[in-house]
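A.B. asks: Got a structure here, written out as structure tokens. Questions coming.
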Amino acid sequence: MSINKMSLRIAGAAGQGVESTGAGFSLALSRGGLNLFTMQDYMSRIRGGLNFFQIRVAPNEIFTHTDNIHLLLALNKEAFDTYRTDIVPGGGIIYDQDMKVEDKELEDDGIKAFASPIIEIAEDVGGNRLMTNTAAVAISSGITGFSFEKIGEVIENSFAKKGKQIVEGNLRVAEVAYDFGRDTYYDQFEYHLAEVDRPPRMMINGNQAFSLGALASGCRFISSYPMTPATTIMEILASHAEEYGVLVKQTEDEIAAMCMAIGASHMGVRAMTATSGGGFSLKVEALGLAGMTETPVVIVNVQRPGPSTGLATRTEQGDLRFMLHASQGEFPRLVLTPGTVEQAFEAGARAFNLAEKYQTPVIVLSDQFLGVSSRVLEQDTFDFNGVNIDRGELLRPEDLDKLEEDYQRYVFTETGISPRAIPGSHEKAFYPVTSDEHGPDGHILEDRTNRFRMMNKRMKKLETASIDLWQPELYGPEEADITFVAWGSTYGPLREAVDWLNDDGSSANMLHLPQVWPFPEKRVSEILSGARRVIGVESNFSAQLAGLIREETGFHIGSNILRYDGRPFSPNYITQCLEEERFNAQTI
Amino acid sequence: MSINKMSLRIAGAAGQGVESTGAGFSLALSRGGLNLFTMQDYMSRIRGGLNFFQIRVAPNEIFTHTDNIHLLLALNKEAFDTYRTDIVPGGGIIYDQDMKVEDKELEDDGIKAFASPIIEIAEDVGGNRLMTNTAAVAISSGITGFSFEKIGEVIENSFAKKGKQIVEGNLRVAEVAYDFGRDTYYDQFEYHLAEVDRPPRMMINGNQAFSLGALASGCRFISSYPMTPATTIMEILASHAEEYGVLVKQTEDEIAAMCMAIGASHMGVRAMTATSGGGFSLKVEALGLAGMTETPVVIVNVQRPGPSTGLATRTEQGDLRFMLHASQGEFPRLVLTPGTVEQAFEAGARAFNLAEKYQTPVIVLSDQFLGVSSRVLEQDTFDFNGVNIDRGELLRPEDLDKLEEDYQRYVFTETGISPRAIPGSHEKAFYPVTSDEHGPDGHILEDRTNRFRMMNKRMKKLETASIDLWQPELYGPEEADITFVAWGSTYGPLREAVDWLNDDGSSANMLHLPQVWPFPEKRVSEILSGARRVIGVESNFSAQLAGLIREETGFHIGSNILRYDGRPFSPNYITQCLEEERFNAQTI
Amino acid sequence: MLRPSDFIVYQKPTWCPGNPSCGNFHILSTIRTTLAELNLAPHQAIISSGIGCGSKMPDYTKINGFMGIHGRPLAVASGMALANGEQVVIAITGDGDGYAIGGNHFIHTMRRNINITHIAQNNQVYGLTKGQYSPTSQKGYKSKTSPYGAIEPPINPMTHALAGEASFVSRTFAGDREHMVRIFKEAIQHRGYALVDVLQPCIIFNRVNTYEWYGARVYDVEEDGHDRRDKSAAWRLAQLWGEKIPIGVLYQEERPTYEDQEVALRNGSLVKQELKLLNPVQVEKLKALFL
Amino acid sequence: MLRPSDFIVYQKPTWCPGNPSCGNFHILSTIRTTLAELNLAPHQAIISSGIGCGSKMPDYTKINGFMGIHGRPLAVASGMALANGEQVVIAITGDGDGYAIGGNHFIHTMRRNINITHIAQNNQVYGLTKGQYSPTSQKGYKSKTSPYGAIEPPINPMTHALAGEASFVSRTFAGDREHMVRIFKEAIQHRGYALVDVLQPCIIFNRVNTYEWYGARVYDVEEDGHDRRDKSAAWRLAQLWGEKIPIGVLYQEERPTYEDQEVALRNGSLVKQELKLLNPVQVEKLKALFL
Ligand SMILES: Cc1ncc(C[n+]2csc(CCOP(=O)(O)OP(=O)(O)O)c2C)c(N)n1
Ligand SMILES: Cc1ncc(C[n+]2csc(CCOP(=O)(O)OP(=O)(O)O)c2C)c(N)n1
Ligand code: SF4
Ligand code: SF4
Ligand SMILES: [Mg+2]
Ligand SMILES: [Mg+2]
């Protein structure tokens, strides 16, 4: 018997409500005080195909899913057939009683067959086949013994908009289904879920957390063009447009999105744009414009697998190097690579400060796995009060009053940072800026000495920004036989892999980089040069961070665990690769 | 007294005919059998400002200009004042007699003042102030003692279109001016030019040479959007559109340019596009489309200094890394970095073969310095007959006849290369291709095992292409105290710097890469690991090739001579940096 | 003789089933019918599409297909048509694809009059990305990115096509297969650029512009005796959108295609020209330019 | 009271001098006059321009300027206008800039009716890149990229602006300063997007469309008693290009701007909103969404 330690996978076709069912059930679990990690696997289509939503519950805090599941809720036959092999012995599978399945075989594998009158209950009790999902969730709840009250609450909330009748219908269906599950199968099933009494907590994913961070730090403008898996950032901000005074502009294309954000930021508003690879590609030219004009701007790239359209709804970390070198010529940029929901919030809260302090584009490089996977966090995890709005060297009207000469936008300084006046904020606040090389006053200037100095000035900001680095985290024992190196969303699966290894008597730790540019050379060199064995873990083909590390430190990571099939890492995948020594392009 | 060993700089405002005068004079010199190198320095404006055209003549073959000049033809006062300090003692300066100058000072510096009735001759003899340039060239010719016949010939050719009267007027002006120069100053001037009797040779620059290579290897389609300094490639091809059956399409923007080239290539036509940094940025998304669909396509980036618009008419090598990583995700691409006019031709001749053999985008990374600087070459330098048109694994109708099943576009192979059928070329030649991940038959496929295999297949092509590398050249003695490393247009100035050093008793050689991707790891490692002292020479801020070398080989080049003021390297700049140990961002 | 079923492939459409189902099903079957009726074998035509629900069309059709990137089908198709004038080139875009991100290619391809049939699947919404408003969504349209209702007037493909000198301007409705077949055929047979804006119900995200909604409004302009050569009349019709929505051919003119006027095509299609080394005369001529 | 000379800076125009000189000189002095007459101090207006000869305007004007990248002035200007509704936002594009590479922003900015004055310096050629044909070059126009003459009909900014629902559609001529001043002033005073297409002779590369050429053809539509509220009449005038070229205001309508309708602007300009931490109520509300 195990309590609050299991993974549930809800699987079916797009349009069958996999996502809403998963989201609803996890919300109920979250409200029930459980620790969760949810992840989604879905195809690029609106209906049909095979998708799943997986909820992992654990007594301790968790940062990842794992490959094995304990309970499968199969909404159709394909889901049943495809995923039953992922179920651990002793696990179970819920399916409609009318589905033709070989329950004999299940038994042989030690898997419990929880055939259930899902549709029947929906139709008979609710009078509506659309209530199937309600029935399915409630049965799952009953089988695991989870609180009916919480399920009921979520049902009430989610159907509230549709009117009392629908709410009541669903509740009736839920009740009957719940009872069926509990009465019929609860005793046979060893994985139980039990409410834990604690103050309400937040269930939140990477895109949401980033958006909160952005709101907290004063983002007031987002111009974007929809692109999976980044769209929800714009959508979240849009839903708060009025309340927080955030202007959300869906544009005609990504070029406009980037340029509008630059225009808004130039006028003094904290501005951002969010997209995925293809959209980022279209922003590349204007990225350089921001670099050259020293306009602060935040660009989020929620990665998905390329090249080109690739696997539009899946995950990968294939864009690291692209972020570092996108756009012609050389200019400073900062690249944040948050690995957890907490770091996603922090990235949102940091990015706008960094952009304004260094007057440069800041790229937040996330990915689908981080963007859509939820965790449950204490309410005070995100320190809203601790957010510090630092606009950098921004001239106030009093400062401008004191100016004796014309204001010079790009005056040379020690740090490379030139105090910024917002156009129109004062009668002295006018000046030209240009994408051409320019003199300190912003006017076009081709002089070669000025060019050297301006290049040095701009690039100097990168050095200045190095004092402000978001330093890598060393997770696990200080000293270990294996040091894994990772960035971005690999954090979760790798962290747990490290735990597993240490629990198993090996010794391992993880060096994780939440910021890759400017490169935290000192810290990385220090750790790696002292490490016994170093293994990179990246969700791409070329081991891009490993390459960057070699370029920046000389340290050569010869063994990399790579994944580039569009699916996120799991601790299982990592430990298996390690065991079987499948390094570099030798994938599983 | 020195014969055929000097540099002449023609300087003045845009609109004064600096370029046409320089081009005309160098053509005459070329026809006179001299060895030349010409370079241009001009501002981003149509009229005004200060531009120059520099012609270097030498008895031996030369690959670069140098910083010192022997004769300055100053078309205005600003040119006079700005450039007189670049004149070597014993050199001279030609200017109109009405220009107010301090000839006393010139004398002190050992510079000869060649005040001349330039405008007067044009007006009095030609009756037309527009003939000033003719007068100026002819005076220069007279002062240096160069053949009047050749000058006359060029004048005839270039004014032929304007009618007999204009030709004759110019010839009369030229005669008088020539005589003036010869009679008044020839004896005082020690730098003479004398016709050399040899078969006619070609005077040609990098953009022209590339275009010839492209034509030779069967380029039949170019879609581009104008962008300095790449526009002339499209213009050259346009001027031959009818004769060579090349379709030249000026598009609405660079995105369309790239996409049209992809569309044309998909239909079986050798296709290209040419641009500079900003335009390349706009092609980034479609670059990935070519990578994913395995469509051959050639993209030329004639670099200019960034970021953004930067210095639009100048030179830099700031885009190396950008070329390697542009576009989301990972896919194979080849990057050629020709360093000389000969290599530019070869790049044109190779690129289309490589693109079709490896079914992938090929980037030709040139720059303004290579693109617009001319050299004089023997007529057989470009081996047109030796050009080999290799379309790679292209299925002929006979091959398709034999097919028993439906044709599969992306069949898995050892080399990663799948035989290509041109759509519509046969009744079996139909298939889908997509920017989404796909199966061997080209249909969309999200399966994870297929994804791994398709990624491996595509990336395998990079390995396959490594047997076909354009290997680095080691110039100079096999063993040397200093080994310089360079790519692209740095070839010329660095080659001469190496010569100077060796002539001076030092010992130096140069490793030059005409292709940077796939990276010629073996050869570079071999040379560098055996080198005594290695110094990188690059026209950018970050020493991008040095970084790549460290990433790929582990070899760390700590000292780099860099230039990023928009001006090309010269042997003087390089040797001075070496002498003063100005490495990395410590520029002159 | 080809039959519509000759264009079926094993890949099953991923569009939303239902009753009624996604308008794309009807467009797909209409394309098959059209190809069959025009007797175009799978290798004789090519579809260049973008990214969006409808852009998956080539994945479900036995034909040459190029599913490119979002917004660029017309640019890719232009390259195809210029390279091989013997292929029938069809560009398929969504409304987002063709009129939002692809708007620049839209306005420039029209005036060039390159021989392309442009089928725009206009469902007035972003389908594949789950329901954001599109440039053709009507004012006030609510979606996750316009929770307060869209505040910009929609783009009108018909007026733009007339302003952009398209030589064939038409609209049809996915709920009327017969009408679609007729228009598709005319568009393919038209020499030059032909726009077919297809009103295509998205049954999942667009709950406003449904089969019924369109069905109650559309009427063919021919019924009113419209003369498709009359541009002023076309301009007036183009502006109608409300109680009555005109479908059919609003405008057609005959004028030379881009290909007709392009010097490099005087000897026929580029793909038909043998790819061989330059001959000695050509080489000498080239060299002479630099002597 | 401001004078035109108050907008002079030390940077000297790099345009081609001559007699007549480049049309941009006249546009520059007209902009200075307009700003002075409207009493707009240098910090009260901003020009967003692209890359091209005319786009260097802000370098020669004492004013806020943003010389961005080729084709994007309208997009940058949109961000500016949305962020700070109190600044006068002027977008300056060339014909290549605004109608070729920037075409997509052109068609979408118009319908939004964001408060921007768009001055398009239409010299029917690519000036800064040395004379290639542009999307407004007339058919047959010869240039280095069209040595056999351009084979596509030019884009017509006027018809596109009408199709694109621009609320102010006008044309003027760089050879007529008085006319320019009047139109610039009207355009800036118009609430919403205002197009001013300026016929601007390029004395170096365009030897066809010269001062004389334009001068002999242009006439103000008001002379003919044109009613600028009449869209059909405007459409007819928009198509004229030949012996007679209409200038002046072809069309104007009053309708709410984008800014008028945007919820985030209900409390005024974004830049006027204090940038401060969320208050506890806001934080609680946000958190509650995830509980
Ligand atoms: C450059 C780029 N930006 C955004 C996307 C994401 N995207 C895919 S389809 C789509 C819009 C779909 O709308 P539409 O073109 O109308 O086609 P529909 O799905 O409605 O048929 C978007 C924005 C993308 N694939 N590429
Ligand atoms: C992305 C990009 N593509 C191309 C260019 C090169 N370019 C600079 S100005 C220009 C066109 C100029 O024409 P137009 O916009 O009509 O302005 P004009 O110079 O005629 O005033 C071009 C193509 C560029 N700067 N950026
Ligand atoms: S989302 Fe809409 S357009 Fe897309 S397949 Fe479904 S019904 Fe069709
Ligand atoms: S090239 Fe033409 S548009 Fe440009 S500055 Fe000269 S005259 Fe004016
Ligand atoms: Mg749509
Ligand atoms: Mg122009």
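Note on naming: chains are A, B, ... as they come in the structure tokens, residues start from 1 per chain, ligands start from 1 in the order shown.
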All C-alpha atoms, paired in order, least-squares superposition of chain B on chain A: what RMSD does that give?
C.D. replies: 0.1 Å
A.B. asks: Quick one: everything within 10 Å of Arg550 of chain A, counting only C-alpha atoms, minus sequence neighbours fewer than 2 positions away in the same chain. Send it as number ranges by chain.
C.D. replies: A: 525, 544-548, 552-557; B: 547-556
A.B. asks: Write out as number ranges by chain every residue belonging to chain C that has an atom at most 8 Å from any atom of chain B, counting only C-alpha atoms.
C.D. replies: C: 11, 41-46, 58-59, 62-69, 72, 75-84, 87, 104-105, 108, 262-265, 270-271, 275-278, 283, 286-288, 290-291
A.B. asks: Using only C-alpha atoms and all ligand atoms, which protein or nucleic acid residues are at most 8 Å from ligand 6, as a ChimeraX atom specification?
C.D. replies: /D:52-54,94-97,121-128,134,202
A.B. asks: How would the residues just picked look written out with N, CA, C and O atoms as a PDB file, in the first residue's frame?
C.D. replies:
ATOM      1  N   GLY D  52      16.863  54.121 -45.995  1.00  0.00           N
ATOM      2  CA  GLY D  52      16.638  54.639 -47.337  1.00  0.00           C
ATOM      3  C   GLY D  52      17.061  56.095 -47.296  1.00  0.00           C
ATOM      4  O   GLY D  52      17.326  56.633 -46.209  1.00  0.00           O
ATOM      5  N   CYS D  53      17.116  56.735 -48.443  1.00  0.00           N
ATOM      6  CA  CYS D  53      17.575  58.129 -48.445  1.00  0.00           C
ATOM      7  C   CYS D  53      16.731  58.985 -47.514  1.00  0.00           C
ATOM      8  O   CYS D  53      17.231  59.680 -46.642  1.00  0.00           O
ATOM      9  N   GLY D  54      15.421  58.934 -47.715  1.00  0.00           N
ATOM     10  CA  GLY D  54      14.547  59.813 -46.967  1.00  0.00           C
ATOM     11  C   GLY D  54      14.476  59.468 -45.497  1.00  0.00           C
ATOM     12  O   GLY D  54      14.146  60.310 -44.664  1.00  0.00           O
ATOM     13  N   GLY D  94      10.355  55.047 -47.217  1.00  0.00           N
ATOM     14  CA  GLY D  94      10.506  55.194 -48.658  1.00  0.00           C
ATOM     15  C   GLY D  94       9.429  54.366 -49.326  1.00  0.00           C
ATOM     16  O   GLY D  94       8.582  53.758 -48.663  1.00  0.00           O
ATOM     17  N   ASP D  95       9.445  54.332 -50.639  1.00  0.00           N
ATOM     18  CA  ASP D  95       8.485  53.482 -51.335  1.00  0.00           C
ATOM     19  C   ASP D  95       8.910  52.015 -51.204  1.00  0.00           C
ATOM     20  O   ASP D  95       8.078  51.134 -51.011  1.00  0.00           O
ATOM     21  N   GLY D  96      10.213  51.769 -51.242  1.00  0.00           N
ATOM     22  CA  GLY D  96      10.679  50.403 -51.011  1.00  0.00           C
ATOM     23  C   GLY D  96      10.388  50.010 -49.579  1.00  0.00           C
ATOM     24  O   GLY D  96       9.806  48.963 -49.286  1.00  0.00           O
ATOM     25  N   ASP D  97      10.790  50.874 -48.692  1.00  0.00           N
ATOM     26  CA  ASP D  97      10.626  50.696 -47.263  1.00  0.00           C
ATOM     27  C   ASP D  97       9.175  50.433 -46.870  1.00  0.00           C
ATOM     28  O   ASP D  97       8.861  49.495 -46.140  1.00  0.00           O
ATOM     29  N   GLN D 121       7.900  58.613 -48.717  1.00  0.00           N
ATOM     30  CA  GLN D 121       8.646  59.364 -49.731  1.00  0.00           C
ATOM     31  C   GLN D 121       8.768  58.504 -50.964  1.00  0.00           C
ATOM     32  O   GLN D 121       9.645  57.654 -51.074  1.00  0.00           O
ATOM     33  N   ASN D 122       7.871  58.741 -51.860  1.00  0.00           N
ATOM     34  CA  ASN D 122       7.731  57.854 -53.001  1.00  0.00           C
ATOM     35  C   ASN D 122       8.469  58.415 -54.220  1.00  0.00           C
ATOM     36  O   ASN D 122       7.928  59.223 -54.966  1.00  0.00           O
ATOM     37  N   ASN D 123       9.710  57.956 -54.396  1.00  0.00           N
ATOM     38  CA  ASN D 123      10.481  58.400 -55.558  1.00  0.00           C
ATOM     39  C   ASN D 123      10.493  57.338 -56.654  1.00  0.00           C
ATOM     40  O   ASN D 123      11.249  57.420 -57.613  1.00  0.00           O
ATOM     41  N   GLN D 124       9.675  56.325 -56.479  1.00  0.00           N
ATOM     42  CA  GLN D 124       9.512  55.273 -57.490  1.00  0.00           C
ATOM     43  C   GLN D 124      10.834  54.604 -57.871  1.00  0.00           C
ATOM     44  O   GLN D 124      11.007  54.144 -58.996  1.00  0.00           O
ATOM     45  N   VAL D 125      11.712  54.522 -56.908  1.00  0.00           N
ATOM     46  CA  VAL D 125      13.012  53.884 -57.162  1.00  0.00           C
ATOM     47  C   VAL D 125      13.670  53.605 -55.810  1.00  0.00           C
ATOM     48  O   VAL D 125      13.263  54.159 -54.796  1.00  0.00           O
ATOM     49  N   TYR D 126      14.647  52.689 -55.823  1.00  0.00           N
ATOM     50  CA  TYR D 126      15.469  52.475 -54.632  1.00  0.00           C
ATOM     51  C   TYR D 126      16.649  53.427 -54.720  1.00  0.00           C
ATOM     52  O   TYR D 126      17.557  53.212 -55.506  1.00  0.00           O
ATOM     53  N   GLY D 127      16.607  54.482 -53.909  1.00  0.00           N
ATOM     54  CA  GLY D 127      17.661  55.480 -53.991  1.00  0.00           C
ATOM     55  C   GLY D 127      18.948  55.021 -53.323  1.00  0.00           C
ATOM     56  O   GLY D 127      19.989  54.900 -53.969  1.00  0.00           O
ATOM     57  N   LEU D 128      18.862  54.742 -52.051  1.00  0.00           N
ATOM     58  CA  LEU D 128      20.088  54.515 -51.276  1.00  0.00           C
ATOM     59  C   LEU D 128      20.909  53.333 -51.783  1.00  0.00           C
ATOM     60  O   LEU D 128      22.131  53.322 -51.654  1.00  0.00           O
ATOM     61  N   SER D 134      11.612  49.922 -57.989  1.00  0.00           N
ATOM     62  CA  SER D 134      10.903  49.775 -56.719  1.00  0.00           C
ATOM     63  C   SER D 134       9.488  49.305 -57.010  1.00  0.00           C
ATOM     64  O   SER D 134       9.088  49.222 -58.172  1.00  0.00           O
ATOM     65  N   CYS D 202      13.655  61.789 -57.395  1.00  0.00           N
ATOM     66  CA  CYS D 202      15.036  61.379 -57.133  1.00  0.00           C
ATOM     67  C   CYS D 202      15.817  61.822 -58.356  1.00  0.00           C
ATOM     68  O   CYS D 202      15.633  61.284 -59.448  1.00  0.00           O
TER      69      CYS D 202
END
A.B. asks: Set the cut-off to 7 Å and count only C-alpha atoms: what are the residues of chain B that reach chain A? Output as JSON, numbers by chain.
C.D. replies: {"B": [277, 278, 281, 282, 284, 285, 288, 289, 292, 305, 306, 307, 308, 309, 310, 311, 318, 319, 321, 322, 325, 326, 327, 328, 329, 330, 331, 435, 436, 437, 446, 448, 451, 452, 547, 548, 550, 551, 554, 564, 565]}
A.B. asks: Write a file of the selected residues as a PDB file, in the first residue's frame, keeping C-alpha atoms.
C.D. replies:
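part_26.pdb, freshly written:
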ATOM      1  CA  GLY B 277      23.456  40.717 -42.724  1.00  0.00           C
ATOM      2  CA  GLY B 278      20.051  42.351 -42.285  1.00  0.00           C
ATOM      3  CA  SER B 281      18.437  37.781 -40.720  1.00  0.00           C
ATOM      4  CA  LEU B 282      15.134  37.802 -42.544  1.00  0.00           C
ATOM      5  CA  VAL B 284      16.716  32.718 -41.121  1.00  0.00           C
ATOM      6  CA  GLU B 285      13.337  31.077 -40.758  1.00  0.00           C
ATOM      7  CA  GLY B 288      15.571  26.086 -41.526  1.00  0.00           C
ATOM      8  CA  LEU B 289      12.820  25.199 -43.960  1.00  0.00           C
ATOM      9  CA  MET B 292      14.249  20.386 -42.846  1.00  0.00           C
ATOM     10  CA  PRO B 305      29.664  45.716 -40.180  1.00  0.00           C
ATOM     11  CA  GLY B 306      26.764  45.243 -37.816  1.00  0.00           C
ATOM     12  CA  PRO B 307      25.016  45.141 -35.541  1.00  0.00           C
ATOM     13  CA  SER B 308      21.875  46.097 -37.411  1.00  0.00           C
ATOM     14  CA  THR B 309      22.496  48.616 -40.189  1.00  0.00           C
ATOM     15  CA  GLY B 310      25.927  49.373 -38.757  1.00  0.00           C
ATOM     16  CA  LEU B 311      28.248  50.731 -41.404  1.00  0.00           C
ATOM     17  CA  GLY B 318      31.098  39.626 -37.708  1.00  0.00           C
ATOM     18  CA  ASP B 319      28.661  36.974 -38.898  1.00  0.00           C
ATOM     19  CA  ARG B 321      28.868  32.274 -35.687  1.00  0.00           C
ATOM     20  CA  PHE B 322      25.538  33.602 -36.821  1.00  0.00           C
ATOM     21  CA  HIS B 325      23.608  28.655 -35.785  1.00  0.00           C
ATOM     22  CA  ALA B 326      20.970  30.662 -37.621  1.00  0.00           C
ATOM     23  CA  SER B 327      17.458  29.192 -37.373  1.00  0.00           C
ATOM     24  CA  GLN B 328      15.814  27.149 -34.671  1.00  0.00           C
ATOM     25  CA  GLY B 329      16.790  23.550 -34.123  1.00  0.00           C
ATOM     26  CA  GLU B 330      19.642  21.631 -35.675  1.00  0.00           C
ATOM     27  CA  PHE B 331      20.232  20.709 -39.289  1.00  0.00           C
ATOM     28  CA  SER B 435       8.629  21.482 -42.512  1.00  0.00           C
ATOM     29  CA  ASP B 436       7.129  19.249 -39.834  1.00  0.00           C
ATOM     30  CA  GLU B 437       8.998  16.142 -38.838  1.00  0.00           C
ATOM     31  CA  GLU B 446       5.382  12.454 -34.839  1.00  0.00           C
ATOM     32  CA  ARG B 448       9.613   9.281 -31.536  1.00  0.00           C
ATOM     33  CA  ARG B 451      12.266  11.406 -35.088  1.00  0.00           C
ATOM     34  CA  PHE B 452      15.530  10.088 -33.747  1.00  0.00           C
ATOM     35  CA  GLY B 547      36.200  30.471 -30.369  1.00  0.00           C
ATOM     36  CA  LEU B 548      35.102  27.885 -32.887  1.00  0.00           C
ATOM     37  CA  ARG B 550      38.640  26.085 -29.253  1.00  0.00           C
ATOM     38  CA  GLU B 551      35.205  24.503 -29.247  1.00  0.00           C
ATOM     39  CA  GLY B 554      40.350  22.420 -27.672  1.00  0.00           C
ATOM     40  CA  TYR B 564      36.217  46.096 -36.225  1.00  0.00           C
ATOM     41  CA  ASP B 565      36.173  49.685 -37.349  1.00  0.00           C
TER      42      ASP B 565
END
A.B. asks: For His226 of chain C, work out the shell of residues within 10 Å, counting only C-alpha atoms and skipping chain neighbours fewer than 6 positions away, then give it as a list in words.
C.D. replies: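 Using only C-alpha atoms, the neighbours found are Asp220, Ala233, Ala234, Leu237, Gly248, Val249, Leu250 and Tyr251 of chain C.
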A.B. asks: Got a sec to tell me which of segment 7-189 of chain C DSSP assigns to helix (DSSP H, G or I), as number ranges by chain?
C.D. replies: C: 7, 23-37, 42-44, 54-60, 73-83, 95-101, 103-112, 157-163, 177-189
